[in-house]
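Undergrad: Questions regarding the structure given below will be posed in turn.
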Amino acid sequence: MTTAVVFDYGFGNVRSMVRALANQGVDTTLTSDYRQALEADGLVVPGVGAFAACMEGLRKVNGDRVIYDRIRAGRPVLGVCVGEQILFERGNEHGANATGVGLIGGSVDPLDADVVPHMGWDTIDAADNSVLLHGVEQERFYFVHSYAAMAVSAADTSKYEIDLSDAPERVSWCDYGRSRFVAAYERGPLFATQFHPEKSGDAGAQLLKNWIALL
Amino acid sequence: MSLAVRVIPCLDVDAGRVVKGVHFENLKDAGDPVELAAEYYRQGADELTFLDVTASSSHRNTMIDVVSRTAEQVFIPMTVGGGVRTPEDVDSLLRCGADKVGVNTAAINDPTLISRVADRFGNQVLVLSVDARREQGEQHTQSGFEVTTMGGRKSTGIDAIWWVKRAEELGAGEILLNSMDADGTQQGFDIEMIQAVRREVKIPIIASGGAGKVEDFPPAIAAGADAVLAASVFHYGIMTIADVKAELRKAGYTVR
């Protein structure tokens, strides 16, 4: 049976993610235990709230180390919502410049739109050959966020002894207001979505199924 | 392509049972909020809102059980409101499966509740629920709209437009704007009130109160609402979620 850990570091409606994975037949555990998080077939990093607070919470339980160790070993990680954002190098939220996990190059910045948060079901400009969005490229997914990554650049991950340069980078985008931002990111074992697949009905279930198939 | 207008059924729950009569023949137990929530999920609801109308501490665990069981089978966002007084109340609702929490009277009594919740859980978690009406001359408000409590029976003397602006500053992520004048009339939403709130806040607005026919919904969106909420018209089977979406689509709005 496929196993997954939903990383529990105090941020996010973690129970919905546990239920959504369990619904797909995955043996899912909610924990912040390093060994369990390392050894599970898949690791989901959820997150809601502020970038800096999430990073602080993650570091407190060595969550950043689990992510580095898994990615180095080629073991899949899926970041969701702020769990996606913290994979970038920097977060510029509330004027604060916080350092992220740094596996994706670029920063997380405020959305520029008439109505913020971006809240509700939106379409995605899916990357060619997206694994996550395969079969649901035209579907809508549930977003709720005020910040996002507007660009992706090359990240220097050599200090973590991680090299993803051989893996193709697949970035899917979403347009909202005057912002075009990263909706989903895939590179080797690293996966991330700005939207909430666990709250996106059948389309979200299919995306999770696509990810689970890789585990 | 653009963000879809959200259509949200609201389930008023009293001691674990749905109030306002429910008329769906295919439900085994029409009073069971979990079964009704699952039916709306199948119908294509974009979110669900539960309102705990008794909201006494003795019933708190009943509500938590309802939300928890719904979250087992419903994979769309859920908002839970009614009697939320502290960040601990918010925490317990989020833990059982709620994604957003509605705050109303307790925030009027102590506005710092908004910032305390937003700081701890993020702005997107906090839906400020406002029961507003046109002022009835007892206490003058600048905008002519006032905030009420006790289901519209008691005026607070607070200007509703000032209050939503203040709540946004304090960290509310969304406004659930319920017109106490329109509520229950089925004569349509209070368009002027929606427009007045839209002029003041940048956060999303959910229009509530007054929906009686499908034609009532598009004007609420035209006035600036991002989502529409209704209860009895859905419960009584007067219209389905799909009927509302078809009407919105006909009016040129994007729906899921």
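By order in the structure tokens, chains are A, B, ...; within a chain, residues start at 1; ligands start at 1, following the order shown.
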Give me, as a list in words, the residues of stretch 69-119 of chain A that a backbone DSSP run labels helix (DSSP H, G or I).

TA: Asp69, Arg70, Ile71, Arg72, Val82, Gly83, Glu84 and Gln85 of chain A

Undergrad: Write out, as an mmCIF file, in the first residue's frame, the residues just selected, with C-alpha atoms.

TA:
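Wrote it out as out.cif, contents follow:
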```cif
data_model
loop_
_atom_site.group_PDB
_atom_site.id
_atom_site.type_symbol
_atom_site.label_atom_id
_atom_site.label_comp_id
_atom_site.auth_asym_id
_atom_site.auth_seq_id
_atom_site.Cartn_x
_atom_site.Cartn_y
_atom_site.Cartn_z
ATOM 1 C CA ASP A 69 16.730 15.149 2.313
ATOM 2 C CA ARG A 70 13.787 13.814 0.337
ATOM 3 C CA ILE A 71 14.447 15.861 -2.793
ATOM 4 C CA ARG A 72 18.143 14.920 -2.710
ATOM 5 C CA VAL A 82 1.683 28.465 1.361
ATOM 6 C CA GLY A 83 3.386 25.048 1.338
ATOM 7 C CA GLU A 84 4.083 25.845 -2.341
ATOM 8 C CA GLN A 85 5.157 29.432 -1.668
#
```

Undergrad: Kindly determine which residues of chain A lie within 8 Å of chain B, considering only C-alpha atoms, and give the answer as a PyMOL selection string.

TA: chain A and resi 11+13-16+19-20+48-50+114-117+119-123+140+144-145+175-176+198-201

Undergrad: Return the single residue from A:Pro189, A:Gly10, A:Gly25, A:Gly42 that is closest to A:Leu103, with distances computed using only C-alpha atoms.

TA: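 Closest residue, counting only C-alpha atoms: A:Pro189.
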
Undergrad: Please provide the set of residues having any atom within 10 Å of A:Leu207, restricted to only C-alpha atoms, with same-chain residues fewer than 4 positions apart removed, written as a PyMOL selection string.

TA: chain A and resi 131-137+197-198+200+202-203+211-213

Undergrad: Report, in Å to a single decimal, how far apart atom CA of A:Pro110 and atom CA of B:Ser115 are.

TA: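 These atoms are spaced 19.4 Å apart.
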
Undergrad: Choose the residue, out of A:Ala113, A:Val108, A:Ala4, A:Met17, that has the smallest atom-to-atom separation from A:Gly95; count only C-alpha atoms.

TA: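 Nearest to A:Gly95: A:Val108.
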
Undergrad: Do you have the atom CA of A:Cys81-atom CA of A:Gln194 distance handy?

TA: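 Interatomic distance here is 4.3 Å.
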
Undergrad: With distances taken over only C-alpha atoms, which residue among B:Ala207, B:Val214, B:Ala106, B:Val228 lies nearest B:Ala246?

TA: B:Val214
